[in-house]
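Trainee: One structure follows; several queries about it will come next.
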Amino acid sequence: MSPVAQLLRDLIAIPSINPAFTTPDHPLTGEHRVAQHLLEIAGRAGLEAKLSPVLPSRSNLIVRLKPKGKVRSRILLAPHLDTVTIQDESQLKPVLQHGRLYGRGACDTKGSVAAMFTAVLRLTQGLRRPDHTEISFVGLVDEENGQSGSRALARQKFQADFAIVGEPTCLKVITAHKGDLWLRAETRGRAAHSSQPELGENAIESMAKVVTLLQGPYARQLKKRRHPLLGSATVNVGMITGGKQPNIVPDQCEIRVDRRTLPGEKDAQIIREIGTFLKSEGCDVILKDWKGVPSVALETDPELAPVKRLMSLAGQTRPAGVNYFSDAGVLGQAGIPSVVFGPGDIAQAHTIDEWIAIRQLERGTDLLTRFLEGLD
């Protein structure tokens, strides 16, 4: 087994479930075990490494490879350390079968962690170290929930001229992705006994109209605005709650809405847009941002020198976009030109039998190594 495959195998066996999917005191919760494992490897390799606190008991791992001479530019490699939850602990037991490595996080994104970290390690083992470019590997926490790790870097004004954010892209260089705004919409009515429903105002009935309008006419409006790489924005009503019991006319109902955004769209603008649309249709709705954090989309100029070079190494002639949101949007908004790149297929992310192809893992590691070797 190659060193990068062995590292990934070790990382899969170390649980790092995002606390959002478990209880805070769950024994498999948190990224600290993975961060500590990589911290120890970095120390043995002579790399500068530290933990940077983000949330209680949750820290970004920052590993730096200094250049031979004076620092003139900075490159950031930024995969995330957390995973979604597991159905049972067998998903933490890596299995190698038919050229694939199975286990939670194999592609999302411990595959990128292993590939990027191994590429940095290789430069400490006799390969060409850049003369003037500092390389930082940052293992981020909380990507699967609130992107607290990348948002912390942004607040700290982390210095980088270009970032490669690790996600399973099948080794395609992604220069654009959608943002993700979560909204809460509430309708209110008047309670009454269900034997005389005419005495009340049914909040669920009002919300049914809202759902129909959002998933129908509003969704069709969005299809009229298209981005060349991302297509149109989308809307999805994913949760609904309301009422207390069947024999009471409900006086409150709430839905949670996922609105995928395009580059240039602002959260406040979208909330106004949806509110105005629903009001014009006669709906009285209280509409609020659910998460309360920016959900900016990513759009990086594909003509930037490091983007063109990475695309060339990957054998890619045109930029590409994806529908999902990532830490790259947060870093891009903070002024760090960013792309998304890594081994694995997003179709495998979060699945019961998550896997990554070993050949793609190794090719991704080689591509990243060549990219780093070619830095000034």
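Chain lettering (A, B, ...) mirrors the order of the structure tokens, residue numbering begins at 1 for each chain separately, and ligand numbering begins at 1 in order of display.
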Can you tell me, as number ranges by chain, what residues are no more than 12 Å from A:Pro197 when counting only C-alpha atoms, ignoring any on the same chain fewer than 4 positions away?
Mentor: A: 189-193, 201-203, 205, 246-251
Trainee: Hey, can you spit out that residue selection with all heavy atoms as a short mmCIF file (atom, residue, chain, number, x, y, z; two decimals), in the first residue's frame?
Mentor:
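Final output, saved to again-v8.cif:
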data_model
loop_
_atom_site.label_atom_id
_atom_site.label_comp_id
_atom_site.auth_asym_id
_atom_site.auth_seq_id
_atom_site.Cartn_x
_atom_site.Cartn_y
_atom_site.Cartn_z
N GLY A 189 -51.62 32.06 12.69
CA GLY A 189 -53.07 32.06 12.56
C GLY A 189 -53.73 32.29 13.91
O GLY A 189 -53.17 32.94 14.79
N ARG A 190 -54.92 31.71 14.07
CA ARG A 190 -55.64 31.83 15.34
C ARG A 190 -56.17 30.46 15.70
O ARG A 190 -56.84 29.79 14.90
CB ARG A 190 -56.79 32.83 15.21
CG ARG A 190 -57.53 33.09 16.53
CD ARG A 190 -58.55 34.22 16.44
NE ARG A 190 -59.62 33.94 15.51
CZ ARG A 190 -59.79 34.53 14.33
NH1 ARG A 190 -58.91 35.45 13.92
NH2 ARG A 190 -60.80 34.23 13.54
N ALA A 191 -55.88 30.01 16.92
CA ALA A 191 -56.30 28.68 17.36
C ALA A 191 -57.81 28.64 17.60
O ALA A 191 -58.42 29.64 18.00
CB ALA A 191 -55.54 28.29 18.63
N ALA A 192 -58.37 27.46 17.37
CA ALA A 192 -59.79 27.22 17.64
C ALA A 192 -60.00 25.73 17.74
O ALA A 192 -59.14 24.93 17.33
CB ALA A 192 -60.67 27.82 16.54
N HIS A 193 -61.15 25.32 18.28
CA HIS A 193 -61.47 23.89 18.34
C HIS A 193 -61.79 23.41 16.93
O HIS A 193 -62.47 24.10 16.16
CB HIS A 193 -62.65 23.65 19.28
CG HIS A 193 -62.80 22.21 19.67
ND1 HIS A 193 -63.38 21.27 18.83
CD2 HIS A 193 -62.45 21.56 20.80
CE1 HIS A 193 -63.37 20.09 19.43
NE2 HIS A 193 -62.81 20.24 20.64
N GLU A 201 -58.00 30.55 12.34
CA GLU A 201 -57.23 30.80 11.11
C GLU A 201 -56.12 29.76 11.07
O GLU A 201 -55.27 29.73 11.95
CB GLU A 201 -56.65 32.21 11.09
CG GLU A 201 -57.70 33.30 11.02
CD GLU A 201 -57.08 34.69 11.04
OE1 GLU A 201 -55.83 34.78 10.89
OE2 GLU A 201 -57.83 35.67 11.21
N ASN A 202 -56.15 28.91 10.06
CA ASN A 202 -55.26 27.75 9.99
C ASN A 202 -53.89 28.14 9.41
O ASN A 202 -53.77 28.42 8.21
CB ASN A 202 -55.90 26.66 9.15
CG ASN A 202 -55.19 25.33 9.28
OD1 ASN A 202 -53.97 25.26 9.20
ND2 ASN A 202 -55.95 24.27 9.49
N ALA A 203 -52.87 28.16 10.26
CA ALA A 203 -51.53 28.57 9.82
C ALA A 203 -50.92 27.55 8.86
O ALA A 203 -50.13 27.92 7.98
CB ALA A 203 -50.61 28.76 11.03
N GLU A 205 -52.62 25.76 6.65
CA GLU A 205 -53.25 26.03 5.35
C GLU A 205 -52.57 27.20 4.65
O GLU A 205 -52.30 27.15 3.45
CB GLU A 205 -54.73 26.32 5.55
CG GLU A 205 -55.50 26.52 4.26
CD GLU A 205 -56.97 26.79 4.50
OE1 GLU A 205 -57.45 26.59 5.64
OE2 GLU A 205 -57.65 27.20 3.54
N PRO A 246 -54.42 17.14 16.34
CA PRO A 246 -55.38 17.21 15.25
C PRO A 246 -56.66 17.98 15.55
O PRO A 246 -57.29 18.51 14.62
CB PRO A 246 -55.69 15.73 14.98
CG PRO A 246 -54.48 14.99 15.43
CD PRO A 246 -54.00 15.75 16.62
N ASN A 247 -57.08 18.04 16.79
CA ASN A 247 -58.36 18.69 17.08
C ASN A 247 -58.23 20.17 17.45
O ASN A 247 -59.13 20.76 18.04
CB ASN A 247 -59.11 17.94 18.18
CG ASN A 247 -58.39 17.97 19.52
OD1 ASN A 247 -57.19 18.25 19.56
ND2 ASN A 247 -59.12 17.70 20.59
N ILE A 248 -57.09 20.77 17.11
CA ILE A 248 -56.88 22.20 17.31
C ILE A 248 -56.49 22.83 15.99
O ILE A 248 -55.58 22.36 15.31
CB ILE A 248 -55.77 22.46 18.35
CG1 ILE A 248 -56.12 21.83 19.70
CG2 ILE A 248 -55.54 23.97 18.51
CD1 ILE A 248 -55.01 21.98 20.73
N VAL A 249 -57.19 23.90 15.62
CA VAL A 249 -56.78 24.67 14.45
C VAL A 249 -55.41 25.29 14.76
O VAL A 249 -55.28 26.02 15.76
CB VAL A 249 -57.80 25.78 14.13
CG1 VAL A 249 -57.30 26.65 12.98
CG2 VAL A 249 -59.16 25.16 13.77
N PRO A 250 -54.38 25.00 13.95
CA PRO A 250 -53.02 25.45 14.28
C PRO A 250 -52.86 26.96 14.12
O PRO A 250 -53.31 27.54 13.13
CB PRO A 250 -52.14 24.68 13.30
CG PRO A 250 -53.03 24.42 12.13
CD PRO A 250 -54.41 24.20 12.70
N ASP A 251 -52.22 27.55 15.11
CA ASP A 251 -51.98 29.00 15.04
C ASP A 251 -50.56 29.35 14.61
O ASP A 251 -50.19 30.53 14.58
CB ASP A 251 -52.30 29.66 16.38
CG ASP A 251 -51.42 29.13 17.52
OD1 ASP A 251 -50.58 28.24 17.27
OD2 ASP A 251 -51.59 29.60 18.66
#
Trainee: Mind checking DSSP for stretch 71-283 of chain A and telling me the strand (DSSP E or B) residues as a ChimeraX atom specification?
Mentor: /A:73-78,80,83,95-97,100-102,133-140,162-165,169,174-177,179-188,190,192-193,201,226-227,231-232,234-242,248-249,252-261
Trainee: I need the chosen residues saved as a compact mmCIF listing (two decimals), in the first residue's frame, with C-alpha atoms.
Mentor:
# COMPACT_ATOMS: atom_id res chain seq x y z
CA SER A 73 4.02 34.49 -1.96
CA ARG A 74 1.83 32.10 0.01
CA ILE A 75 -0.14 29.02 -1.05
CA LEU A 76 -2.87 27.50 1.10
CA LEU A 77 -4.04 23.86 0.96
CA ALA A 78 -7.35 23.66 2.87
CA HIS A 80 -11.64 19.84 6.17
CA THR A 83 -17.19 14.13 8.61
CA VAL A 95 -11.68 -1.76 3.86
CA LEU A 96 -9.52 -2.03 0.73
CA GLN A 97 -11.33 -3.90 -2.03
CA ARG A 100 -11.16 1.17 -3.63
CA LEU A 101 -10.75 2.23 -0.02
CA TYR A 102 -14.07 2.24 1.86
CA THR A 133 6.72 30.52 -1.63
CA GLU A 134 5.43 29.53 1.79
CA ILE A 135 3.08 26.53 1.72
CA SER A 136 0.42 26.19 4.41
CA PHE A 137 -1.68 23.10 5.00
CA VAL A 138 -4.72 23.96 7.12
CA GLY A 139 -7.01 21.17 8.28
CA LEU A 140 -10.31 22.96 8.83
CA PHE A 162 -4.08 31.36 -3.63
CA ALA A 163 -5.98 28.51 -1.98
CA ILE A 164 -6.80 24.98 -3.07
CA VAL A 165 -9.77 23.76 -1.04
CA THR A 169 -14.02 16.81 -7.58
CA ILE A 174 -13.52 23.96 -9.80
CA THR A 175 -13.52 27.75 -10.13
CA ALA A 176 -17.17 28.42 -9.29
CA HIS A 177 -19.78 27.04 -6.96
CA GLY A 179 -23.77 29.64 -2.21
CA ASP A 180 -26.28 28.16 0.23
CA LEU A 181 -28.74 30.37 2.12
CA TRP A 182 -30.98 28.70 4.72
CA LEU A 183 -34.19 30.51 5.54
CA ARG A 184 -36.95 30.14 8.11
CA ALA A 185 -40.47 31.14 7.07
CA GLU A 186 -43.33 31.34 9.57
CA THR A 187 -47.08 31.79 9.18
CA ARG A 188 -49.36 32.62 12.08
CA ARG A 190 -55.64 31.83 15.34
CA ALA A 192 -59.79 27.22 17.64
CA HIS A 193 -61.47 23.89 18.34
CA GLU A 201 -57.23 30.80 11.11
CA ARG A 226 -28.48 31.37 -15.48
CA HIS A 227 -24.75 31.32 -14.78
CA GLY A 231 -26.90 27.07 -14.31
CA SER A 232 -29.77 28.57 -12.32
CA THR A 234 -32.64 26.65 -6.90
CA VAL A 235 -35.04 26.52 -3.95
CA ASN A 236 -36.07 23.59 -1.78
CA VAL A 237 -38.47 23.37 1.17
CA GLY A 238 -36.80 20.74 3.32
CA MET A 239 -38.57 20.92 6.70
CA ILE A 240 -42.03 21.79 8.01
CA THR A 241 -43.48 21.91 11.52
CA GLY A 242 -46.78 23.22 12.88
CA ILE A 248 -56.88 22.20 17.31
CA VAL A 249 -56.78 24.67 14.45
CA GLN A 252 -48.36 28.60 13.86
CA CYS A 253 -46.44 26.82 11.12
CA GLU A 254 -42.79 27.00 10.09
CA ILE A 255 -40.75 25.79 7.15
CA ARG A 256 -37.00 25.68 6.54
CA VAL A 257 -35.88 26.60 3.05
CA ASP A 258 -32.64 25.96 1.16
CA ARG A 259 -31.91 28.60 -1.48
CA ARG A 260 -28.82 27.93 -3.60
CA THR A 261 -27.33 31.24 -4.71
Trainee: List as a list of chain:residue names the protein and nucleic acid residues near stretch 316-330 of chain A, meaning an atom at most 7 Å away when only C-alpha atoms are counted, but skip any in the same chain fewer than 3 places from it.
Mentor: A:Glu143, A:Gln147, A:Ser150, A:Arg151, A:Val165, A:Val173, A:Ile174, A:Thr175, A:Ala176, A:His177, A:Lys178, A:Gly179, A:Asp180, A:Leu229, A:Leu230, A:Val296, A:Ala297, A:Leu298, A:Pro302, A:Met311, A:Ser312, A:Gln333, A:Ala334, A:Ser338, A:Val339, A:Val340
Trainee: With distances taken over only C-alpha atoms, which of A:Leu153, A:Cys283, A:Leu171, A:Met1 is nearest to A:Leu310?
Mentor: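 Closest to A:Leu310, using only C-alpha atoms: A:Leu171.
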Trainee: Using Å and a single decimal, report how far atom CA of A:Pro343 sits from atom CA of A:Val84.
Mentor: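 Computing it gives 18.1 Å between the two atoms.
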Trainee: Using only C-alpha atoms, which of the listed residues (A:Ile274, A:Ser52, A:Asp289, A:Glu167) sits closest to A:Ala152?
Mentor: A:Ser52
Trainee: Residues at most 8 Å from A:Lys93, counting only C-alpha atoms, excluding those fewer than 3 positions away in the same chain, as a list in words?
Mentor: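 My list of contacting residues is Ile12, Ala13, Glu89, Ser90 and Gly103 of chain A.
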Trainee: Between atom CA of A:Ser16 and atom CA of A:Arg33, measure the distance and give it in Å to one decimal.
Mentor: 7.1 Å
Trainee: Quick one: DSSP helix (DSSP H, G or I) residues in stretch 197-329 of chain A, as JSON, numbers by chain?
Mentor: {"A": [197, 198, 199, 203, 204, 205, 206, 207, 208, 209, 210, 211, 212, 213, 214, 215, 216, 217, 218, 219, 220, 221, 222, 267, 268, 269, 270, 271, 272, 273, 274, 275, 276, 277, 278, 279, 280, 305, 306, 307, 308, 309, 310, 311, 312, 313, 327, 328, 329]}
Trainee: From the options A:Ala45, A:Leu28, A:Leu287, A:Leu375, which residue's atoms come nearest to A:Val71, counting only C-alpha atoms?
Mentor: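 Closest candidate: A:Leu375.
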Trainee: What's the 12 Å shell around A:Glu40, counting only C-alpha atoms, without same-chain residues fewer than 6 positions away, as a list in words?
Mentor: Arg33, Val34, Gly46, Leu47, Glu48, Ala49, Lys50, Leu51, Leu61 and Val63 of chain A
Trainee: With a distance cut-off of 10 Å and only C-alpha atoms, select the neighbouring residues of A:Arg129, excluding the residue or stretch itself and same-chain residues fewer than 6 positions from it, and output the selection as a PyMOL selection string.
Mentor: chain A and resi 65-68+120+122-123+135+372-376
Trainee: Write the residues of the selection above to a file with all heavy atoms, as an mmCIF file, in the first residue's frame.
Mentor:
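out09.cif, written as the output of this step:
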data_model
loop_
_atom_site.group_PDB
_atom_site.id
_atom_site.type_symbol
_atom_site.label_atom_id
_atom_site.label_comp_id
_atom_site.auth_asym_id
_atom_site.auth_seq_id
_atom_site.Cartn_x
_atom_site.Cartn_y
_atom_site.Cartn_z
ATOM 1 N N LEU A 65 5.278 24.939 5.579
ATOM 2 C CA LEU A 65 6.569 24.607 4.984
ATOM 3 C C LEU A 65 7.196 25.912 4.512
ATOM 4 O O LEU A 65 6.697 26.566 3.588
ATOM 5 C CB LEU A 65 6.393 23.648 3.798
ATOM 6 C CG LEU A 65 7.680 23.286 3.043
ATOM 7 C CD1 LEU A 65 8.590 22.436 3.922
ATOM 8 C CD2 LEU A 65 7.361 22.555 1.742
ATOM 9 N N LYS A 66 8.273 26.295 5.171
ATOM 10 C CA LYS A 66 8.932 27.554 4.839
ATOM 11 C C LYS A 66 9.774 27.397 3.574
ATOM 12 O O LYS A 66 10.353 26.337 3.327
ATOM 13 C CB LYS A 66 9.829 27.992 6.000
ATOM 14 C CG LYS A 66 9.082 28.290 7.299
ATOM 15 C CD LYS A 66 8.257 29.548 7.174
ATOM 16 C CE LYS A 66 7.655 29.945 8.513
ATOM 17 N NZ LYS A 66 6.851 31.184 8.423
ATOM 18 N N PRO A 67 9.886 28.453 2.764
ATOM 19 C CA PRO A 67 10.744 28.385 1.573
ATOM 20 C C PRO A 67 12.216 28.508 1.959
ATOM 21 O O PRO A 67 12.558 28.770 3.116
ATOM 22 C CB PRO A 67 10.281 29.585 0.755
ATOM 23 C CG PRO A 67 9.829 30.583 1.773
ATOM 24 C CD PRO A 67 9.207 29.748 2.886
ATOM 25 N N LYS A 68 13.084 28.327 0.964
ATOM 26 C CA LYS A 68 14.516 28.455 1.210
ATOM 27 C C LYS A 68 14.908 29.890 1.553
ATOM 28 O O LYS A 68 15.766 30.133 2.403
ATOM 29 C CB LYS A 68 15.293 28.005 -0.025
ATOM 30 C CG LYS A 68 15.120 26.545 -0.383
ATOM 31 C CD LYS A 68 15.875 26.239 -1.672
ATOM 32 C CE LYS A 68 15.684 24.803 -2.122
ATOM 33 N NZ LYS A 68 16.363 24.526 -3.415
ATOM 34 N N VAL A 120 2.826 17.810 0.763
ATOM 35 C CA VAL A 120 3.697 18.687 1.549
ATOM 36 C C VAL A 120 4.853 17.888 2.150
ATOM 37 O O VAL A 120 6.019 18.328 2.121
ATOM 38 C CB VAL A 120 2.896 19.395 2.654
ATOM 39 C CG1 VAL A 120 3.827 20.207 3.557
ATOM 40 C CG2 VAL A 120 1.840 20.320 2.046
ATOM 41 N N ARG A 122 6.267 15.296 1.004
ATOM 42 C CA ARG A 122 7.233 14.929 -0.033
ATOM 43 C C ARG A 122 8.274 16.022 -0.237
ATOM 44 O O ARG A 122 9.440 15.731 -0.537
ATOM 45 C CB ARG A 122 6.513 14.649 -1.353
ATOM 46 C CG ARG A 122 5.778 13.318 -1.386
ATOM 47 C CD ARG A 122 5.063 13.139 -2.716
ATOM 48 N NE ARG A 122 4.452 11.825 -2.844
ATOM 49 C CZ ARG A 122 3.752 11.427 -3.909
ATOM 50 N NH1 ARG A 122 3.571 12.265 -4.933
ATOM 51 N NH2 ARG A 122 3.234 10.217 -3.948
ATOM 52 N N LEU A 123 7.859 17.282 -0.090
ATOM 53 C CA LEU A 123 8.807 18.378 -0.287
ATOM 54 C C LEU A 123 9.828 18.461 0.840
ATOM 55 O O LEU A 123 10.849 19.139 0.702
ATOM 56 C CB LEU A 123 8.064 19.712 -0.425
ATOM 57 C CG LEU A 123 7.698 20.095 -1.869
ATOM 58 C CD1 LEU A 123 6.715 19.121 -2.470
ATOM 59 C CD2 LEU A 123 7.154 21.510 -1.937
ATOM 60 N N ILE A 135 4.211 27.437 1.918
ATOM 61 C CA ILE A 135 3.081 26.533 1.719
ATOM 62 C C ILE A 135 2.443 26.233 3.072
ATOM 63 O O ILE A 135 3.125 25.803 4.004
ATOM 64 C CB ILE A 135 3.530 25.219 1.056
ATOM 65 C CG1 ILE A 135 4.166 25.503 -0.307
ATOM 66 C CG2 ILE A 135 2.346 24.257 0.904
ATOM 67 C CD1 ILE A 135 4.888 24.311 -0.905
ATOM 68 N N LEU A 372 3.199 21.965 -6.303
ATOM 69 C CA LEU A 372 4.007 22.572 -5.254
ATOM 70 C C LEU A 372 5.481 22.651 -5.645
ATOM 71 O O LEU A 372 6.154 23.643 -5.353
ATOM 72 C CB LEU A 372 3.849 21.793 -3.960
ATOM 73 C CG LEU A 372 2.433 21.736 -3.345
ATOM 74 C CD1 LEU A 372 2.443 20.899 -2.081
ATOM 75 C CD2 LEU A 372 1.899 23.123 -3.080
ATOM 76 N N GLU A 373 5.976 21.623 -6.305
ATOM 77 C CA GLU A 373 7.380 21.616 -6.749
ATOM 78 C C GLU A 373 7.673 22.759 -7.719
ATOM 79 O O GLU A 373 8.793 23.279 -7.769
ATOM 80 C CB GLU A 373 7.711 20.295 -7.440
ATOM 81 C CG GLU A 373 7.906 19.123 -6.523
ATOM 82 C CD GLU A 373 8.321 17.892 -7.322
ATOM 83 O OE1 GLU A 373 7.555 17.460 -8.218
ATOM 84 O OE2 GLU A 373 9.408 17.380 -7.052
ATOM 85 N N GLY A 374 6.660 23.138 -8.511
ATOM 86 C CA GLY A 374 6.870 24.146 -9.528
ATOM 87 C C GLY A 374 6.739 25.578 -9.033
ATOM 88 O O GLY A 374 6.880 26.527 -9.808
ATOM 89 N N LEU A 375 6.463 25.757 -7.748
ATOM 90 C CA LEU A 375 6.342 27.102 -7.201
ATOM 91 C C LEU A 375 7.699 27.773 -7.097
ATOM 92 O O LEU A 375 8.720 27.110 -6.886
ATOM 93 C CB LEU A 375 5.685 27.049 -5.814
ATOM 94 C CG LEU A 375 4.247 26.517 -5.764
ATOM 95 C CD1 LEU A 375 3.805 26.329 -4.322
ATOM 96 C CD2 LEU A 375 3.294 27.445 -6.500
ATOM 97 N N ASP A 376 7.698 29.057 -7.203
ATOM 98 C CA ASP A 376 8.957 29.825 -7.148
ATOM 99 C C ASP A 376 9.571 29.743 -5.747
ATOM 100 O O ASP A 376 8.897 29.958 -4.758
ATOM 101 C CB ASP A 376 8.687 31.282 -7.524
ATOM 102 C CG ASP A 376 9.918 32.144 -7.370
ATOM 103 O OD1 ASP A 376 11.017 31.670 -7.687
ATOM 104 O OD2 ASP A 376 9.775 33.296 -6.920
#
Trainee: I'd like the neighbourhood of A:Gly166 as an NGL selection string, where a residue qualifies if any of its atoms comes within 7 Å (using only C-alpha atoms), though same-chain residues fewer than 3 positions away should be ignored.
Mentor: :A and (78-79 or 109 or 112 or 340-342)
Trainee: I need the residue nearest A:Thr351 from this list: A:Gln87, A:His37, A:Arg64, A:Pro27. Use only C-alpha atoms for the distance.
Mentor: A:Gln87
Trainee: So, counting only C-alpha atoms, which residue among A:Ser206, A:Ala160, A:Gly43, A:Ala114 is closest to A:Asp366?
Mentor: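 Distance minimum relative to A:Asp366 lands on A:Ala114.
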